[in-house]
$ cat my_file-v5.cif   # mmCIF, C-alpha atoms
data_query
#
loop_
_atom_site.label_atom_id
_atom_site.label_comp_id
_atom_site.auth_asym_id
_atom_site.auth_seq_id
_atom_site.Cartn_x
_atom_site.Cartn_y
_atom_site.Cartn_z
CA MET A 9 -13.39 -15.56 21.85
CA GLU A 10 -13.77 -14.31 25.41
CA PHE A 11 -11.48 -11.74 27.01
CA SER A 12 -9.98 -13.76 29.85
CA ILE A 13 -7.17 -12.53 32.07
CA SER A 14 -4.69 -14.68 30.14
CA LEU A 15 -5.86 -13.28 26.78
CA LEU A 16 -5.64 -9.69 28.03
CA THR A 17 -2.14 -10.41 29.32
CA GLU A 18 -1.10 -11.85 25.95
CA LEU A 19 -2.48 -8.80 24.10
CA LEU A 20 -0.64 -6.40 26.41
CA ILE A 21 2.60 -8.32 25.92
CA ILE A 22 2.09 -8.38 22.13
CA GLY A 23 1.32 -4.66 22.09
CA GLY A 24 4.34 -3.89 24.25
CA LEU A 25 6.77 -5.91 22.14
CA VAL A 26 5.42 -4.68 18.80
CA GLY A 27 5.29 -1.10 20.06
CA PHE A 28 8.90 -1.25 21.16
CA LEU A 29 10.01 -2.77 17.84
CA THR A 30 7.92 -0.26 15.88
CA GLY A 31 9.57 2.65 17.66
CA LEU A 32 13.02 1.07 17.44
CA PHE A 33 12.95 0.34 13.71
CA GLY A 34 10.52 3.02 12.48
CA ILE A 35 8.15 0.62 10.71
CA GLY A 36 4.43 -0.02 11.02
CA GLY A 37 4.76 -3.32 12.87
CA GLY A 38 2.53 -5.38 10.58
CA VAL A 39 5.31 -7.85 9.84
CA PHE A 40 5.36 -8.70 13.55
CA LEU A 41 1.61 -8.39 14.17
CA VAL A 42 0.21 -10.60 11.39
CA PRO A 43 1.88 -13.91 12.39
CA THR A 44 1.33 -13.16 16.08
CA LEU A 45 -2.38 -12.36 15.67
CA LEU A 46 -2.86 -15.35 13.38
CA TYR A 47 -1.38 -17.63 16.04
CA LEU A 48 -3.50 -15.97 18.74
CA PHE A 49 -6.78 -16.25 16.81
CA MET A 50 -6.17 -19.89 15.87
CA LYS A 51 -5.22 -20.69 19.48
CA GLU A 52 -8.62 -19.32 20.48
CA GLY A 53 -10.27 -21.88 18.18
CA ILE A 54 -10.96 -19.69 15.14
CA ALA A 55 -10.68 -21.54 11.81
CA VAL A 56 -7.77 -20.54 9.56
CA GLU A 57 -10.21 -19.39 6.85
CA LEU A 58 -11.46 -16.70 9.25
CA ALA A 59 -8.31 -16.22 11.34
CA THR A 60 -6.23 -15.20 8.31
CA PRO A 61 -8.33 -12.22 7.11
CA MET A 62 -8.98 -11.30 10.76
CA ALA A 63 -5.23 -11.11 11.43
CA LEU A 64 -4.67 -9.07 8.25
CA GLY A 65 -7.54 -6.63 8.83
CA THR A 66 -6.87 -6.18 12.54
CA SER A 67 -3.17 -5.62 11.85
CA LEU A 68 -4.01 -2.85 9.37
CA GLY A 69 -6.35 -1.22 11.88
CA ILE A 70 -3.63 -1.30 14.52
CA ALA A 71 -1.09 0.06 12.00
CA PHE A 72 -3.40 3.02 11.36
CA ILE A 73 -3.69 3.79 15.09
CA ALA A 74 0.07 3.43 15.56
CA SER A 75 0.82 5.77 12.64
CA LEU A 76 -1.36 8.66 13.85
CA ALA A 77 1.17 10.25 16.19
CA THR A 78 4.13 10.00 13.81
CA THR A 79 2.04 11.17 10.85
CA ALA A 80 0.92 14.27 12.73
CA SER A 81 4.54 15.05 13.62
CA HIS A 82 5.72 14.75 10.01
CA ILE A 83 2.87 16.96 8.76
CA LYS A 84 3.61 19.58 11.40
CA MET A 85 7.32 19.58 10.49
CA ARG A 86 6.57 19.44 6.72
CA SER A 87 9.04 16.56 6.47
CA PHE A 88 7.39 15.03 3.40
CA ASP A 89 7.12 15.68 -0.32
CA PRO A 90 3.54 17.00 -0.81
CA LYS A 91 3.40 16.35 -4.57
CA ILE A 92 4.72 12.80 -4.39
CA ALA A 93 2.64 12.14 -1.28
CA THR A 94 -0.54 13.16 -3.12
CA ALA A 95 0.17 10.78 -6.01
CA ILE A 96 1.05 7.73 -3.91
CA VAL A 97 -1.72 8.33 -1.37
CA VAL A 98 -4.52 8.67 -3.95
CA SER A 99 -3.38 5.59 -5.90
CA GLY A 100 -2.73 3.84 -2.59
CA ILE A 101 -6.35 4.16 -1.51
CA PHE A 102 -7.45 2.06 -4.49
CA GLY A 103 -4.56 -0.40 -4.28
CA ALA A 104 -5.28 -1.15 -0.61
CA GLN A 105 -8.92 -1.89 -1.45
CA PHE A 106 -7.94 -4.44 -4.09
CA GLY A 107 -5.40 -5.94 -1.69
CA ALA A 108 -7.99 -6.26 1.07
CA LEU A 109 -10.39 -7.93 -1.37
CA ALA A 110 -7.69 -10.42 -2.38
CA GLY A 111 -6.70 -11.07 1.24
CA SER A 112 -10.33 -11.78 2.11
CA ARG A 113 -10.96 -14.15 -0.82
CA TRP A 114 -7.70 -15.93 -1.62
CA ASP A 115 -6.71 -19.28 -0.15
CA PRO A 116 -5.04 -18.66 3.26
CA ILE A 117 -2.09 -20.87 2.26
CA ILE A 118 -1.36 -18.61 -0.74
CA VAL A 119 -1.54 -15.52 1.46
CA HIS A 120 0.75 -17.10 4.08
CA ARG A 121 3.34 -18.04 1.43
CA LEU A 122 3.24 -14.61 -0.18
CA PHE A 123 3.68 -13.05 3.26
CA GLY A 124 6.69 -15.25 3.97
CA MET A 125 8.28 -14.60 0.56
CA ILE A 126 7.84 -10.82 0.59
CA VAL A 127 8.92 -10.38 4.22
CA SER A 128 12.04 -12.48 3.49
CA LEU A 129 12.81 -10.40 0.37
CA ILE A 130 12.42 -7.18 2.36
CA GLY A 131 14.85 -8.56 4.94
CA ILE A 132 17.41 -9.40 2.25
CA TYR A 133 16.94 -6.00 0.63
CA ILE A 134 17.50 -4.16 3.91
CA LEU A 135 20.79 -6.03 4.31
CA ILE A 136 22.10 -4.83 0.92
CA PHE A 137 20.34 -1.46 0.58
CA GLN A 138 22.60 1.55 0.89
CA ILE A 139 21.15 5.05 1.40
CA THR A 140 22.48 7.34 -1.31
CA GLU A 141 21.94 11.02 -2.03
CA PRO A 142 19.24 11.26 -4.73
CA GLY A 143 19.71 13.22 -7.92
CA GLU A 144 17.76 16.26 -9.05
CA GLN A 145 14.00 15.78 -8.85
CA ILE A 146 12.02 16.72 -11.98
CA TYR A 147 8.23 16.62 -11.67
CA ASP A 148 7.42 15.34 -15.15
CA ARG A 149 4.91 12.84 -16.51
CA ILE A 150 7.32 9.94 -16.04
CA LEU A 151 7.76 10.78 -12.35
CA TRP A 152 4.00 10.99 -11.80
CA THR A 153 3.49 7.66 -13.58
CA LYS A 154 6.12 5.98 -11.42
CA ALA A 155 4.60 7.50 -8.27
CA ILE A 156 1.11 6.23 -9.15
CA VAL A 157 2.38 2.73 -10.00
CA ILE A 158 4.47 2.55 -6.82
CA GLY A 159 1.62 3.83 -4.63
CA PHE A 160 -0.87 1.35 -6.08
CA SER A 161 1.52 -1.63 -6.00
CA VAL A 162 2.80 -1.13 -2.45
CA SER A 163 -0.70 -0.47 -1.10
CA PHE A 164 -1.99 -3.61 -2.85
CA PHE A 165 0.55 -5.73 -0.98
CA SER A 166 -0.16 -3.69 2.15
CA GLY A 167 -3.84 -4.63 1.98
CA LEU A 168 -3.13 -8.21 0.93
CA LEU A 169 -0.55 -8.93 3.63
CA GLY A 170 -1.82 -6.72 6.47
CA ILE A 171 1.34 -4.61 6.69
CA GLY A 172 1.78 -0.83 6.54
CA GLY A 173 4.19 -1.00 3.62
CA GLY A 174 6.79 1.45 4.93
CA SER A 175 9.67 -0.99 4.60
CA MET A 176 8.82 -1.34 0.90
CA MET A 177 7.94 2.30 0.23
CA ILE A 178 11.03 4.08 1.61
CA PRO A 179 13.60 2.41 -0.72
CA LEU A 180 11.30 2.93 -3.72
CA LEU A 181 10.85 6.63 -2.93
CA ILE A 182 14.62 7.10 -2.76
CA LEU A 183 15.64 4.94 -5.73
CA PHE A 184 12.89 5.69 -8.27
CA LEU A 185 11.37 9.03 -7.22
CA GLU A 186 14.55 10.82 -6.06
CA VAL A 187 13.09 11.74 -2.65
CA PRO A 188 15.75 12.57 0.00
CA TYR A 189 15.84 10.10 2.90
CA PRO A 190 14.33 12.36 5.63
CA LYS A 191 11.40 13.31 3.38
CA ALA A 192 11.09 9.70 2.20
CA VAL A 193 10.45 8.63 5.80
CA GLY A 194 7.80 11.33 6.30
CA THR A 195 6.16 10.67 2.92
CA SER A 196 6.11 6.93 3.63
CA THR A 197 4.55 7.51 7.06
CA LEU A 198 1.75 9.58 5.53
CA PHE A 199 1.23 6.89 2.89
CA MET A 200 1.09 4.14 5.55
CA ALA A 201 -1.59 5.97 7.52
CA VAL A 202 -3.90 6.33 4.52
CA ALA A 203 -3.16 2.91 2.99
CA SER A 204 -3.66 1.06 6.28
CA LEU A 205 -6.94 2.91 6.90
CA SER A 206 -8.16 2.11 3.38
CA GLY A 207 -7.10 -1.53 3.71
CA ALA A 208 -8.73 -1.86 7.13
CA ALA A 209 -11.96 -0.41 5.73
CA GLY A 210 -11.77 -3.01 2.96
CA TYR A 211 -11.59 -5.82 5.51
CA VAL A 212 -14.59 -4.35 7.34
CA PHE A 213 -16.59 -4.28 4.10
CA ASN A 214 -15.52 -7.73 2.84
CA GLY A 215 -16.17 -9.37 6.21
CA TRP A 216 -19.50 -7.66 6.87
CA GLN A 217 -22.10 -10.22 8.01
CA ARG A 218 -19.65 -13.08 7.38
CA ALA A 219 -20.93 -16.15 9.22
CA GLY A 220 -18.82 -17.64 12.01
CA LEU A 221 -16.99 -14.50 13.12
CA PRO A 222 -16.52 -14.14 16.90
CA THR A 223 -17.98 -11.37 19.04
CA TYR A 224 -16.42 -7.88 19.15
CA THR A 225 -15.70 -7.94 15.41
CA LEU A 226 -16.45 -5.31 12.79
CA GLY A 227 -16.21 -7.22 9.56
CA TYR A 228 -12.88 -9.03 9.75
CA ILE A 229 -11.46 -6.59 12.32
CA HIS A 230 -11.51 -7.64 15.96
CA VAL A 231 -12.24 -4.32 17.66
CA GLY A 232 -11.26 -5.48 21.15
CA VAL A 233 -7.86 -6.73 20.01
CA LEU A 234 -7.36 -3.58 17.92
CA LEU A 235 -8.02 -1.19 20.81
CA ILE A 236 -6.03 -3.04 23.48
CA THR A 237 -3.03 -3.75 21.25
CA GLY A 238 -3.12 -0.43 19.39
CA ILE A 239 -3.23 1.72 22.53
CA THR A 240 -0.42 -0.34 24.11
CA ILE A 241 1.70 0.17 20.99
CA LEU A 242 1.14 3.93 21.16
CA LEU A 243 2.22 4.03 24.80
CA VAL A 244 5.32 1.86 24.41
CA ALA A 245 6.65 2.96 20.99
CA LYS A 246 8.34 6.06 22.46
CA PHE A 247 10.75 3.85 24.41
CA GLY A 248 11.86 2.16 21.20
CA VAL A 249 12.27 5.57 19.56
CA ALA A 250 14.46 6.76 22.44
CA ILE A 251 16.80 3.79 22.05
CA SER A 252 16.87 4.11 18.25
CA HIS A 253 18.36 7.61 18.54
CA ARG A 254 21.29 6.21 20.52
CA ALA A 255 21.93 3.06 18.50
CA SER A 256 23.88 2.65 15.27
CA PRO A 257 21.54 2.75 12.21
CA ARG A 258 23.61 0.04 10.53
CA ILE A 259 23.27 -2.30 13.52
CA LEU A 260 19.52 -1.61 13.75
CA ALA A 261 19.14 -2.35 10.03
CA ARG A 262 20.92 -5.69 10.41
CA ILE A 263 18.83 -6.65 13.44
CA LEU A 264 15.64 -5.74 11.58
CA ALA A 265 16.76 -7.70 8.51
CA GLY A 266 17.50 -10.72 10.69
CA LEU A 267 14.08 -10.55 12.35
CA LEU A 268 12.32 -10.24 8.99
CA LEU A 269 14.23 -13.18 7.55
CA PHE A 270 13.40 -15.28 10.60
CA ILE A 271 9.68 -14.41 10.38
CA GLY A 272 9.56 -14.90 6.61
CA ILE A 273 11.38 -18.23 6.54
CA ARG A 274 9.44 -19.51 9.54
CA THR A 275 6.15 -18.59 7.85
CA LEU A 276 7.18 -20.40 4.66
CA TYR A 277 8.39 -23.46 6.60
CA PHE A 278 5.18 -23.89 8.61
CA THR A 279 2.76 -23.16 5.74
#
$ encode --input "my_file-v5.cif" --output "structure tokens"
Amino acid sequence: MEFSISLLTELLIIGGLVGFLTGLFGIGGGVFLVPTLLYLFMKEGIAVELATPMALGTSLGIAFIASLATTASHIKMRSFDPKIATAIVVSGIFGAQFGALAGSRWDPIIVHRLFGMIVSLIGIYILIFQITEPGEQIYDRILWTKAIVIGFSVSFFSGLLGIGGGSMMIPLLILFLEVPYPKAVGTSTLFMAVASLSGAAGYVFNGWQRAGLPTYTLGYIHVGVLLITGITILLVAKFGVAISHRASPRILARILAGLLLFIGIRTLYFT
């Protein structure tokens, strides 16, 4: 896989589009990156058995880079729940490792179908999900148990499917852990940063010394693609954020749901 002018152009376009969508919708971008990177790697002649974990691992690495700026902002503003964040982040580290192991070993067709199903379900859920004011939060054993289970489960699918998990985490924080929406966004962002880093590290470990990988790879992560796309996303995301502040949240939610349904159904159809 050589970095030709056409490949560099494609990566810049991918980074620009994903960065804009990430800023516009406030998600990690993995749902857009995974199918795009998979197509790109296979177009470059990489077998699907290698292209699939490469797309997943590289997507998680890019998600980590893209989350750094927003995570720092939320920490600085204290717009997260520190107790809940601790529980979901610690359990999320382990869940992402198991997810990365599964994504590296499972049949690519199974991973593709799971990706299509879950992305479609997220799209449907966004269409029907209504933000409500949570009730009183009581930090008891039941709450901690739910936080640990949610952190592990979401991070498992994050590692398995190469996505940050924010679109799954935010509704769960509000519905089951009684976290107010603004703090749910900040807590989810912090979770995504740690889970994506843990998952990416898992793909490095599981792909270490794997035969047949192209140059510029660290395990299953293509470092060149990660840097070019990740930096482009960081530079472009602010334009999506600027537009998101002017647009109707309901309209944005419907557009995002439509995109997710399109990606999910298309993935299922072509698997």
$ closest_residue --input "my_file-v5.cif" --among "A:Met50, A:Leu16, A:Met125, A:Ala95" --to "Tyr277 in chain A" --atoms "only C-alpha atoms"
A:Met125
$ resolve_selection --input "my_file-v5.cif" --expression "the PyMOL selection byres ((chain A and resi 40-48) around 8)" --output "list in words"
Ile22, Val26, Gly37, Gly38, Val39, Phe49, Met50, Lys51, Glu52, Ala59, Thr60, Met62, Ala63, Leu64, Ser67, Leu169, Gly170, Ile171, Ile271 and Thr275 of chain A
$ resolve_selection --input "my_file-v5.cif" --expression "the PyMOL selection byres ((chain A and resi 146-160) around 8)" --output "ChimeraX atom specification"
/A:92,95-104,144-145,161-164,177,180,184-185
$ closest_residue --input "my_file-v5.cif" --among "A:Thr225, A:Ser14, A:Ser128, A:Ser81" --to "Thr195 in chain A" --atoms "only C-alpha atoms"
A:Ser81
$ closest_residue --input "my_file-v5.cif" --among "A:Tyr211, A:Phe137, A:Gly69, A:Thr94" --to "Ile182 in chain A" --atoms "all atoms listed in the file"
A:Phe137
$ atom_distance --input "my_file-v5.cif" --atom1 "CA of Met176 in chain A" --atom2 "CA of Val193 in chain A"
11.2 Å
$ resolve_selection --input "my_file-v5.cif" --expression "the PyMOL selection byres ((chain A and resi 229) around 6)" --output "PyMOL selection string"
chain A and resi 62+65-66+225-228+230-231
